[in-house]
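S.K.: What follows is input-v2.cif; its format and atoms are mmCIF, C-alpha atoms.
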data_my_file
loop_
_atom_site.label_atom_id
_atom_site.label_comp_id
_atom_site.auth_asym_id
_atom_site.auth_seq_id
_atom_site.Cartn_x
_atom_site.Cartn_y
_atom_site.Cartn_z
CA MET A 221 9.07 -44.98 27.23
CA VAL A 222 9.54 -47.26 24.21
CA ILE A 223 5.98 -48.60 24.60
CA TYR A 224 4.61 -45.06 24.86
CA LYS A 225 6.49 -44.00 21.73
CA LEU A 226 5.29 -47.09 19.86
CA ALA A 227 1.67 -46.50 20.95
CA LYS A 228 1.93 -42.87 19.83
CA PHE A 229 3.35 -43.93 16.47
CA ILE A 230 0.55 -46.47 15.90
CA TYR A 231 -2.09 -43.91 16.93
CA SER A 232 -0.63 -41.34 14.52
CA TYR A 233 -1.13 -43.79 11.63
CA LEU A 234 -4.61 -44.90 12.81
CA ILE A 235 -5.75 -41.30 12.40
CA ILE A 236 -5.17 -41.42 8.64
CA PRO A 237 -7.94 -43.93 7.73
CA LEU A 238 -10.33 -42.20 10.15
CA TRP A 239 -9.48 -38.85 8.57
CA ILE A 240 -10.12 -40.28 5.08
CA ILE A 241 -13.52 -41.72 6.09
CA PHE A 242 -14.54 -38.33 7.52
CA PHE A 243 -13.20 -36.59 4.42
CA VAL A 244 -15.38 -38.70 2.14
CA MET A 245 -18.44 -38.04 4.32
CA THR A 246 -17.87 -34.28 4.49
CA THR A 247 -17.30 -34.15 0.71
CA ILE A 248 -20.68 -35.83 0.14
CA ALA A 249 -22.27 -33.39 2.60
CA LEU A 250 -20.66 -30.39 0.87
CA VAL A 251 -21.91 -31.57 -2.52
CA GLY A 252 -25.41 -31.97 -1.05
CA LEU A 253 -25.39 -28.56 0.62
CA THR A 254 -24.07 -26.87 -2.50
CA ALA A 255 -26.83 -28.51 -4.56
CA ASN A 256 -29.38 -27.40 -1.95
CA ALA A 257 -28.10 -23.81 -2.15
CA TRP A 258 -28.15 -23.89 -5.96
CA ILE A 259 -31.73 -25.23 -6.08
CA SER A 260 -32.86 -22.65 -3.49
CA ARG A 261 -31.41 -19.83 -5.54
CA LYS A 262 -32.27 -20.93 -9.06
CA ILE A 263 -35.62 -22.65 -8.57
CA PHE A 264 -37.10 -21.13 -5.42
CA LYS A 265 -35.45 -17.70 -6.00
CA LYS A 266 -34.26 -17.45 -2.40
CA SER A 267 -31.42 -15.12 -1.50
CA HIS A 268 -29.19 -14.64 1.50
CA SER A 269 -27.31 -11.57 2.72
CA PRO A 270 -23.93 -12.34 4.24
CA ASP A 271 -22.75 -10.63 7.46
CA PHE A 272 -19.96 -8.93 5.51
CA LYS A 273 -19.87 -8.21 1.80
CA PRO A 274 -17.71 -10.81 -0.01
CA ARG A 275 -14.69 -9.26 -1.69
CA THR A 276 -11.33 -10.31 -3.03
CA ILE A 277 -9.09 -11.67 -0.31
CA PHE A 278 -6.02 -9.49 -0.74
CA PRO A 279 -6.54 -5.74 -0.99
CA TYR A 280 -2.92 -4.57 -1.22
CA GLY A 281 -2.71 -4.56 -5.02
CA ASP A 282 -0.40 -6.50 -7.25
CA HIS A 283 3.15 -6.02 -6.11
CA MET B 969 -20.09 -7.22 26.36
CA GLU B 970 -22.19 -9.51 24.18
CA THR B 971 -20.70 -10.92 21.01
CA ILE B 972 -22.52 -10.29 17.77
CA ARG B 973 -23.71 -13.44 16.10
CA ILE B 974 -20.72 -14.01 13.85
CA ASN B 975 -20.96 -17.30 12.05
CA GLU B 976 -17.67 -18.47 10.56
CA GLY B 977 -18.92 -21.97 9.88
CA ILE B 978 -17.03 -24.87 11.44
CA GLY B 979 -14.35 -24.52 8.72
CA GLY B 980 -13.58 -20.89 9.48
CA ALA B 981 -13.71 -21.38 13.25
CA TYR B 982 -11.49 -24.48 13.23
CA GLU B 983 -8.99 -22.79 10.92
CA ARG B 984 -8.60 -19.87 13.30
CA ILE B 985 -8.28 -22.16 16.31
CA ALA B 986 -5.70 -24.37 14.56
CA TYR B 987 -3.29 -21.66 13.42
CA SER B 988 -3.75 -19.74 16.67
CA ASN B 989 -2.70 -22.87 18.59
CA MET B 990 0.42 -23.14 16.42
CA LEU B 991 1.27 -19.45 16.92
CA LYS B 992 0.65 -19.62 20.68
CA ARG B 993 2.98 -22.62 20.97
CA LEU B 994 5.75 -20.84 19.06
CA ALA B 995 5.24 -17.62 21.02
CA ARG B 996 5.46 -19.44 24.35
CA GLN B 997 8.50 -21.48 23.32
CA HIS B 998 10.32 -18.28 22.38
CA ASN B 999 9.03 -15.99 25.15
CA CYS B 1000 7.05 -13.71 22.87
CA ARG B 1001 4.42 -11.41 24.37
CA THR B 1002 3.89 -8.65 21.85
CA VAL B 1003 2.45 -9.76 18.51
CA LEU B 1004 1.92 -7.87 15.26
CA GLU B 1005 -0.25 -9.18 12.47
CA LEU B 1006 1.03 -7.23 9.49
CA GLY B 1007 -1.71 -6.84 6.92
CA ALA B 1008 -4.68 -8.74 8.35
CA THR B 1009 -6.55 -10.35 5.51
CA TYR B 1010 -10.17 -11.14 4.99
CA ILE B 1011 -11.05 -14.80 5.25
CA ALA B 1012 -14.08 -16.92 6.04
CA GLY B 1013 -16.40 -13.95 5.95
CA ILE B 1014 -14.81 -12.14 8.92
CA PRO B 1015 -12.49 -9.20 8.18
CA GLY B 1016 -9.25 -8.69 10.14
CA PHE B 1017 -10.18 -11.26 12.77
CA ASN B 1018 -7.16 -13.57 12.49
CA SER B 1019 -5.42 -12.54 15.73
CA CYS B 1020 -8.52 -12.62 17.90
CA LEU B 1021 -7.60 -15.79 19.79
CA LEU B 1022 -4.07 -14.54 20.51
CA ALA B 1023 -5.59 -11.42 22.07
CA GLN B 1024 -7.99 -13.52 24.10
CA ASP B 1025 -5.06 -15.55 25.37
CA GLY B 1026 -3.34 -12.50 26.86
CA PHE B 1027 -0.87 -11.56 24.13
CA SER B 1028 -0.49 -7.86 23.42
CA VAL B 1029 -1.78 -7.78 19.85
CA THR B 1030 -1.46 -5.11 17.16
CA VAL B 1031 -3.16 -5.57 13.82
CA THR B 1032 -2.68 -3.52 10.67
CA VAL B 1033 -5.64 -3.56 8.30
CA HIS B 1034 -6.21 -2.14 4.84
CA SER B 1035 -8.58 0.87 4.60
CA ARG B 1036 -11.01 -1.29 2.65
CA ASP B 1037 -11.56 -3.59 5.63
CA TYR B 1038 -10.86 -1.20 8.51
CA ALA B 1039 -14.43 -0.24 9.43
CA ASP B 1040 -15.62 -3.85 9.25
CA THR B 1041 -12.66 -4.99 11.34
CA LEU B 1042 -13.42 -2.48 14.10
CA LYS B 1043 -17.05 -3.59 14.07
CA VAL B 1044 -16.05 -7.23 14.54
CA TRP B 1045 -13.42 -6.63 17.23
CA GLU B 1046 -15.73 -4.38 19.27
CA ASN B 1047 -17.80 -7.42 19.95
CA VAL B 1048 -15.09 -9.89 20.92
CA PRO B 1049 -15.67 -10.82 24.61
CA PHE B 1050 -12.06 -10.09 25.63
CA LYS B 1051 -9.45 -8.41 23.48
CA GLY B 1052 -6.84 -7.27 26.03
CA GLU B 1053 -4.53 -4.53 24.78
CA THR B 1054 -5.36 -4.98 21.09
CA LYS B 1055 -4.61 -2.07 18.76
CA ILE B 1056 -6.09 -1.98 15.26
CA ILE B 1057 -4.29 0.32 12.87
CA GLU B 1058 -5.37 1.37 9.38
CA TRP B 1059 -2.34 0.89 7.14
CA ASN B 1060 -2.09 0.18 3.42
CA ASP B 1061 1.54 -0.72 2.79
CA ASN B 1062 2.93 -3.96 4.17
CA LEU B 1063 6.40 -3.22 2.79
CA LYS B 1064 6.91 0.02 4.66
CA THR B 1065 5.57 0.66 8.15
CA ASN B 1066 6.07 3.29 10.84
CA PHE B 1067 6.94 0.75 13.53
CA SER B 1068 10.37 0.98 15.10
CA ASP B 1069 13.06 -1.70 14.77
CA GLY B 1070 12.36 -4.73 16.95
CA GLN B 1071 9.10 -3.30 18.30
CA PHE B 1072 7.28 -6.66 18.45
CA ASP B 1073 8.34 -10.07 19.71
CA LEU B 1074 6.49 -11.88 16.95
CA VAL B 1075 5.43 -10.59 13.54
CA TRP B 1076 3.20 -12.74 11.37
CA ASN B 1077 0.62 -12.68 8.64
CA HIS B 1078 -1.86 -14.98 7.05
CA LEU B 1079 -2.18 -15.46 3.26
CA ALA B 1080 -0.15 -12.36 2.42
CA PHE B 1081 3.22 -13.89 1.46
CA GLU B 1082 2.04 -15.60 -1.73
CA HIS B 1083 0.58 -12.40 -3.15
CA TYR B 1084 3.98 -10.78 -3.65
CA LYS B 1085 5.86 -11.68 -6.79
CA ASN B 1086 9.01 -11.02 -4.80
CA PRO B 1087 8.19 -11.62 -1.12
CA VAL B 1088 11.70 -10.74 0.14
CA PRO B 1089 10.88 -7.04 0.88
CA LEU B 1090 7.81 -8.17 2.87
CA VAL B 1091 9.85 -10.57 4.99
CA GLU B 1092 12.63 -7.99 5.39
CA GLU B 1093 10.13 -5.49 6.78
CA MET B 1094 8.70 -8.17 9.08
CA LYS B 1095 12.23 -8.95 10.23
CA ARG B 1096 13.03 -5.28 10.86
CA ILE B 1097 10.09 -4.72 13.19
CA SER B 1098 10.39 -8.10 14.90
CA LYS B 1099 12.58 -8.63 17.93
CA ASN B 1100 12.41 -12.37 17.81
CA LEU B 1101 10.10 -14.39 15.49
CA VAL B 1102 8.72 -14.02 11.96
CA VAL B 1103 5.95 -16.37 10.79
CA ASN B 1104 4.30 -16.59 7.35
CA LEU B 1105 1.26 -18.69 6.48
CA THR B 1106 0.20 -19.49 2.92
CA LEU B 1107 -2.70 -21.27 1.24
CA SER B 1108 -1.61 -24.86 0.63
CA PRO B 1109 -1.71 -25.91 -3.04
CA PHE B 1110 -1.75 -29.62 -2.05
CA ASN B 1111 -5.21 -29.61 -0.52
CA ILE B 1112 -7.82 -31.03 -2.93
CA GLY B 1113 -9.87 -27.85 -2.63
CA PHE B 1114 -7.10 -25.78 -4.18
CA PRO B 1115 -7.16 -27.20 -7.75
CA LEU B 1116 -10.96 -27.40 -7.65
CA HIS B 1117 -11.10 -23.78 -6.66
CA TRP B 1118 -8.62 -22.88 -9.40
CA LEU B 1119 -10.93 -24.71 -11.85
CA SER B 1120 -13.97 -22.81 -10.59
CA HIS B 1121 -12.11 -19.52 -11.22
CA LYS B 1122 -11.41 -20.68 -14.77
CA ILE B 1123 -15.01 -21.80 -15.42
CA ASN B 1124 -16.48 -18.61 -13.97
CA ARG B 1125 -13.81 -16.48 -15.71
CA LYS B 1126 -12.96 -14.92 -12.39
CA LYS B 1127 -9.47 -13.52 -11.95
CA TRP B 1128 -7.24 -15.71 -9.75
CA ASP B 1129 -6.75 -13.72 -6.56
CA HIS B 1130 -4.95 -16.22 -4.32
CA GLY B 1131 -1.39 -15.31 -5.14
CA TYR B 1132 1.52 -16.89 -6.97
CA PHE B 1133 1.50 -20.69 -6.89
CA LYS B 1134 5.28 -20.91 -6.37
CA ASN B 1135 5.09 -18.66 -3.33
CA THR B 1136 2.59 -20.89 -1.55
CA LEU B 1137 5.29 -23.55 -1.06
CA ILE B 1138 7.28 -24.13 2.11
CA SER B 1139 10.50 -24.26 0.08
CA THR B 1140 9.90 -20.70 -1.18
CA MET B 1141 9.09 -19.44 2.31
CA GLU B 1142 12.22 -21.03 3.76
CA LYS B 1143 14.38 -19.67 0.93
CA THR B 1144 12.91 -16.18 1.35
CA HIS B 1145 13.45 -16.22 5.11
CA ARG B 1146 17.07 -17.21 4.57
CA LYS B 1147 17.49 -14.45 1.97
CA ALA B 1148 16.12 -11.95 4.46
CA GLY B 1149 18.76 -13.09 6.95
CA LEU B 1150 16.48 -15.06 9.27
CA LYS B 1151 17.33 -18.33 10.98
CA HIS B 1152 14.77 -21.02 10.14
CA ILE B 1153 13.15 -22.75 13.12
CA GLU B 1154 10.34 -24.86 11.71
CA SER B 1155 7.91 -25.32 8.85
CA GLY B 1156 4.83 -27.46 8.50
CA GLY B 1157 1.16 -27.84 7.70
CA CYS B 1158 -1.57 -26.25 9.76
CA ASP B 1159 -5.37 -26.50 9.77
CA VAL B 1160 -5.95 -30.13 8.72
CA PRO B 1161 -9.65 -30.88 9.20
CA PRO B 1162 -11.17 -33.81 7.24
CA TRP B 1163 -12.79 -31.68 4.57
CA MET B 1164 -11.52 -29.85 1.53
CA ASP B 1165 -10.67 -26.19 1.73
CA THR B 1166 -13.41 -24.40 -0.16
CA VAL B 1167 -11.29 -21.20 0.00
CA ASP B 1168 -13.61 -18.27 -0.77
CA ALA B 1169 -16.30 -20.30 -2.50
CA GLN B 1170 -19.49 -18.34 -2.11
CA MET B 1171 -22.86 -19.81 -2.78
CA GLY B 1172 -25.00 -16.86 -3.76
CA GLY B 1173 -23.37 -14.43 -1.38
CA THR B 1174 -23.03 -16.64 1.68
CA MET B 1175 -19.92 -18.30 3.06
CA THR B 1176 -21.56 -20.82 5.36
CA TYR B 1177 -23.15 -23.87 3.83
CA LEU B 1178 -26.34 -24.00 5.89
CA ASP B 1179 -27.69 -20.55 5.08
CA TYR B 1180 -30.15 -22.04 2.60
CA SER B 1181 -31.32 -24.66 5.08
CA PRO B 1182 -34.44 -24.44 7.27
CA LYS B 1183 -34.16 -21.87 10.10
CA PHE B 1184 -34.16 -24.44 12.91
CA VAL B 1185 -31.12 -26.12 11.31
CA LYS B 1186 -29.04 -23.02 10.57
CA ASP B 1187 -29.80 -21.46 13.96
CA LYS B 1188 -28.27 -24.49 15.65
CA TRP B 1189 -25.15 -24.64 13.49
CA VAL B 1190 -23.34 -21.44 14.51
CA TRP B 1191 -19.55 -21.48 14.89
CA ASN B 1192 -17.62 -18.52 16.26
CA SER B 1193 -14.02 -19.14 17.28
CA ALA B 1194 -14.10 -16.27 19.78
CA LEU B 1195 -16.68 -18.04 21.92
CA SER B 1196 -15.65 -20.57 24.55
CA GLU B 1197 -18.44 -23.00 23.61
CA CYS B 1198 -16.82 -23.25 20.18
CA GLN B 1199 -13.27 -23.59 21.52
CA LYS B 1200 -14.42 -26.29 23.95
CA SER B 1201 -16.59 -28.13 21.44
CA ARG B 1202 -15.85 -31.86 21.36
CA TRP B 1203 -15.65 -31.71 17.55
CA VAL B 1204 -13.00 -29.02 17.63
CA LYS B 1205 -11.10 -30.88 20.35
CA MET B 1206 -11.22 -34.13 18.42
CA LEU B 1207 -10.05 -32.54 15.16
CA TRP B 1208 -7.20 -30.76 16.95
CA ASN B 1209 -6.17 -34.02 18.61
CA TRP B 1210 -6.00 -35.68 15.20
CA GLU B 1211 -4.08 -32.79 13.69
CA LYS B 1212 -1.60 -32.69 16.55
CA ASN B 1213 -0.89 -36.39 16.44
CA MET B 1214 -0.93 -37.25 12.72
CA PRO B 1215 2.38 -37.87 10.90
CA GLU B 1216 4.08 -34.70 9.71
CA TRP B 1217 4.14 -35.83 6.06
CA PHE B 1218 0.36 -36.34 6.09
CA ARG B 1219 -0.19 -33.00 7.81
CA ARG B 1220 1.81 -31.19 5.12
CA LEU B 1221 -0.01 -33.04 2.36
CA SER B 1222 -3.57 -32.40 3.50
CA ALA B 1223 -3.31 -29.10 5.42
CA HIS B 1224 -5.22 -26.05 4.27
CA HIS B 1225 -2.23 -23.85 5.17
CA LEU B 1226 1.53 -24.13 5.17
CA TYR B 1227 3.76 -22.11 7.44
CA THR B 1228 7.37 -21.24 8.06
CA ALA B 1229 8.72 -19.72 11.26
CA SER B 1230 12.14 -18.15 11.69
CA LYS B 1231 14.13 -16.27 14.28
CA LYS B 1232 16.25 -13.21 13.95
CA SER B 1233 19.83 -14.43 13.83
CA ASN B 1234 20.90 -12.51 16.94
CA GLN B 1235 18.17 -14.39 18.82
CA ALA B 1236 19.34 -17.78 17.61
CA LYS B 1237 19.31 -20.58 20.16
CA PRO B 1238 22.65 -22.21 20.91
CA GLN B 1239 23.24 -25.30 18.83
CA PHE B 1240 23.54 -27.39 21.98
CA PRO B 1241 20.71 -26.23 24.25
CA ASN B 1242 22.29 -27.51 27.46
CA ASN B 1243 25.58 -25.68 26.98
CA PRO B 1244 25.53 -22.20 25.57
CA GLN B 1245 29.22 -22.42 24.72
CA GLY B 1246 28.26 -24.85 21.97
CA LEU B 1247 30.42 -27.73 23.19
CA PRO B 1248 29.35 -31.20 22.06
CA ASP B 1249 27.11 -32.88 24.66
CA ASN B 1250 29.79 -35.33 25.87
CA GLN B 1251 32.05 -32.37 26.78
CA ALA B 1252 29.48 -30.13 28.35
CA GLY B 1253 28.37 -31.91 31.49
CA ASN B 1254 24.95 -32.72 30.07
CA PHE B 1255 23.50 -34.76 32.95
#
Transcribe the structure of this file into structure tokens.
M.R.:
Amino acid sequence: MVIYKLAKFIYSYLIIPLWIIFFVMTTIALVGLTANAWISRKIFKKSHSPDFKPRTIFPYGDH
Amino acid sequence: METIRINEGIGGAYERIAYSNMLKRLARQHNCRTVLELGATYIAGIPGFNSCLLAQDGFSVTVTVHSRDYADTLKVWENVPFKGETKIIEWNDNLKTNFSDGQFDLVWNHLAFEHYKNPVPLVEEMKRISKNLVVNLTLSPFNIGFPLHWLSHKINRKKWDHGYFKNTLISTMEKTHRKAGLKHIESGGCDVPPWMDTVDAQMGGTMTYLDYSPKFVKDKWVWNSALSECQKSRWVKMLWNWEKNMPEWFRRLSAHHLYTASKKSNQAKPQFPNNPQGLPDNQAGNF
């Protein structure tokens, strides 16, 4: 039981560096994809229709 | 029935899977079967879709949706492969509903709490119609995407429409639940994938990042949380395994959403679970 708990604790902290490596990679990818979308729109004049019209998130008014 | 080709992107799909897993765990731990999502909001390009995985998992789900999103919500839900006894109701006031006292085992909502300057009346109404649990989820201000998104609103001179900063915090949710007379059970972070939350960032009208990519790429990268191939994807499984096992402090710090769950006081568990009389363990025959 102690060994299991220790292994679980070590694993929980090993996730953090892995998570950070993935975070850096996905951030680079997001920057690239955003640049790609910007170039497509501004230079190649492409457009895209979303499935549902974007709108403000909360429709219930300011309470 | 075939599902329409809804593409939430991996971010939207994982988010729905992550908070649904948290809600399902709480519901099972507290014997909840009937669930109300009070004021279903519009996220990740899919209106009123937040409770879809609870319905698929056999919970009796009721969803109230604002008139603005009602037609779109019906359109989406019609195409969910299995929705059980789901009821979708058009309703525009979260603070006053026609539901009877204690009608649902669990009442929750997603990204509604922080929009009320004073969220106590919202939680009081949730408490009134709940028999057992009340759960609120907010947009986490600690995720790196949050300040960047705030900055993009400033640069684009777009009105900030993600609620009051103070009300996004766990401390505010806990305090509000206590004020409403609820007994706090747990709080935490939820939806912790290794990417920043881009919130409602739209790139020329689209919410998924591959829509401007070649067709053969975007046709392959379709994520819909209602489909089993998405739920069983090794990526989703791996990310959920990480989220489930990471330290709580890290989860709270990097989550896209924060949540607080409370019970109605008359449903409170005994302080000592093995002896309902509340005797200390050494006096209660705890073998």
S.K.: From the list B:Tyr1177, B:Tyr1038, B:Phe1050, B:Phe1114, which residue is nearest chain A when using all atoms listed in the file?
M.R.: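 Closest candidate: B:Tyr1177.
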S.K.: I'd like the neighbourhood of Ile248 of chain A as a PyMOL selection string, where a residue qualifies if any of its atoms comes within 12 Å (using only C-alpha atoms), though same-chain residues fewer than 6 positions away should be ignored.
M.R.: (chain A and resi 241-242+254-255) or (chain B and resi 1163-1164)
S.K.: Up to 9 Å from chain A, what residues of chain B turn up? Count only C-alpha atoms and give them as JSON, numbers by chain.
M.R.: {"B": [974, 975, 1007, 1009, 1010, 1011, 1013, 1014, 1015, 1034, 1035, 1036, 1037, 1040, 1060, 1061, 1062, 1079, 1080, 1083, 1084, 1085, 1086, 1129, 1130, 1131, 1161, 1162, 1163, 1164, 1168, 1170, 1171, 1172, 1173, 1174, 1175, 1176, 1177, 1178, 1179, 1180, 1181, 1210, 1211, 1212, 1213, 1214, 1215, 1218]}
S.K.: For C-alpha atoms, I'd like the residues from the last selection saved as a short mmCIF file (atom, residue, chain, number, x, y, z; two decimals), keeping the file's coordinate frame.
M.R.:
data_model
loop_
_atom_site.label_atom_id
_atom_site.label_comp_id
_atom_site.auth_asym_id
_atom_site.auth_seq_id
_atom_site.Cartn_x
_atom_site.Cartn_y
_atom_site.Cartn_z
CA ILE B 974 -20.72 -14.01 13.85
CA ASN B 975 -20.96 -17.30 12.05
CA GLY B 1007 -1.71 -6.84 6.92
CA THR B 1009 -6.55 -10.35 5.51
CA TYR B 1010 -10.17 -11.14 4.99
CA ILE B 1011 -11.05 -14.80 5.25
CA GLY B 1013 -16.40 -13.95 5.95
CA ILE B 1014 -14.81 -12.14 8.92
CA PRO B 1015 -12.49 -9.20 8.18
CA HIS B 1034 -6.21 -2.14 4.84
CA SER B 1035 -8.58 0.87 4.60
CA ARG B 1036 -11.01 -1.29 2.65
CA ASP B 1037 -11.56 -3.59 5.63
CA ASP B 1040 -15.62 -3.85 9.25
CA ASN B 1060 -2.09 0.18 3.42
CA ASP B 1061 1.54 -0.72 2.79
CA ASN B 1062 2.93 -3.96 4.17
CA LEU B 1079 -2.18 -15.46 3.26
CA ALA B 1080 -0.15 -12.36 2.42
CA HIS B 1083 0.58 -12.40 -3.15
CA TYR B 1084 3.98 -10.78 -3.65
CA LYS B 1085 5.86 -11.68 -6.79
CA ASN B 1086 9.01 -11.02 -4.80
CA ASP B 1129 -6.75 -13.72 -6.56
CA HIS B 1130 -4.95 -16.22 -4.32
CA GLY B 1131 -1.39 -15.31 -5.14
CA PRO B 1161 -9.65 -30.88 9.20
CA PRO B 1162 -11.17 -33.81 7.24
CA TRP B 1163 -12.79 -31.68 4.57
CA MET B 1164 -11.52 -29.85 1.53
CA ASP B 1168 -13.61 -18.27 -0.77
CA GLN B 1170 -19.49 -18.34 -2.11
CA MET B 1171 -22.86 -19.81 -2.78
CA GLY B 1172 -25.00 -16.86 -3.76
CA GLY B 1173 -23.37 -14.43 -1.38
CA THR B 1174 -23.03 -16.64 1.68
CA MET B 1175 -19.92 -18.30 3.06
CA THR B 1176 -21.56 -20.82 5.36
CA TYR B 1177 -23.15 -23.87 3.83
CA LEU B 1178 -26.34 -24.00 5.89
CA ASP B 1179 -27.69 -20.55 5.08
CA TYR B 1180 -30.15 -22.04 2.60
CA SER B 1181 -31.32 -24.66 5.08
CA TRP B 1210 -6.00 -35.68 15.20
CA GLU B 1211 -4.08 -32.79 13.69
CA LYS B 1212 -1.60 -32.69 16.55
CA ASN B 1213 -0.89 -36.39 16.44
CA MET B 1214 -0.93 -37.25 12.72
CA PRO B 1215 2.38 -37.87 10.90
CA PHE B 1218 0.36 -36.34 6.09
#
S.K.: Check what the PyMOL selection byres ((chain B and resi 1117-1123) around 9) selects in the file above and give those residues as a PyMOL selection string.
M.R.: chain B and resi 1112-1116+1124-1128+1165-1169
S.K.: Can I get the selected residues back with C-alpha atoms, as a PDB file, in the frame of the given file?
M.R.:
ATOM      1  CA  ILE B1112      -7.820 -31.030  -2.930  1.00  0.00           C
ATOM      2  CA  GLY B1113      -9.870 -27.850  -2.630  1.00  0.00           C
ATOM      3  CA  PHE B1114      -7.100 -25.780  -4.180  1.00  0.00           C
ATOM      4  CA  PRO B1115      -7.160 -27.200  -7.750  1.00  0.00           C
ATOM      5  CA  LEU B1116     -10.960 -27.400  -7.650  1.00  0.00           C
ATOM      6  CA  ASN B1124     -16.480 -18.610 -13.970  1.00  0.00           C
ATOM      7  CA  ARG B1125     -13.810 -16.480 -15.710  1.00  0.00           C
ATOM      8  CA  LYS B1126     -12.960 -14.920 -12.390  1.00  0.00           C
ATOM      9  CA  LYS B1127      -9.470 -13.520 -11.950  1.00  0.00           C
ATOM     10  CA  TRP B1128      -7.240 -15.710  -9.750  1.00  0.00           C
ATOM     11  CA  ASP B1165     -10.670 -26.190   1.730  1.00  0.00           C
ATOM     12  CA  THR B1166     -13.410 -24.400  -0.160  1.00  0.00           C
ATOM     13  CA  VAL B1167     -11.290 -21.200   0.000  1.00  0.00           C
ATOM     14  CA  ASP B1168     -13.610 -18.270  -0.770  1.00  0.00           C
ATOM     15  CA  ALA B1169     -16.300 -20.300  -2.500  1.00  0.00           C
TER      16      ALA B1169
END
S.K.: What is the distance, in Å and to one decimal place, between atom CA of Met990 of chain B and atom CA of Trp1191 of chain B?
M.R.: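 One can read the atom CA of Met990 of chain B to atom CA of Trp1191 of chain B distance as 20.1 Å.
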S.K.: Run the PyMOL selection byres ((chain B and resi 1072) around 10) against the file shown and list the residues it catches, as a ChimeraX atom specification.
M.R.: /B:1000-1005,1028-1030,1067-1071,1073-1075,1094-1102
S.K.: Which residues match the PyMOL selection byres ((chain B and resi 1020) around 9) in the file above, as a list in words?
M.R.: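 This file, filtered by the PyMOL selection byres ((chain B and resi 1020) around 9), leaves Arg984, Ser988, Gly1016, Phe1017, Asn1018, Ser1019, Leu1021, Leu1022, Ala1023, Gln1024, Asp1025, Val1029, Trp1045, Val1048, Phe1050, Lys1051, Thr1054, Ser1193 and Ala1194 of chain B.
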S.K.: Enter the distance from atom CA of Glu1093 of chain B to atom CA of Leu991 of chain B, in Å, rounded to one decimal.
M.R.: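 For atom CA of Glu1093 of chain B relative to atom CA of Leu991 of chain B, the distance reads 19.4 Å.
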S.K.: Let me have the centre and edge lengths of the axis-aligned box enclosing all listed atoms of segment 1007-1021 of chain B with 5 Å padding on every side, in Å to one decimal, as AutoDock Vina command-line options.
M.R.:
--center_x -9.1 --center_y -11.9 --center_z 12.4 --size_x 24.7 --size_y 20.1 --size_z 24.8
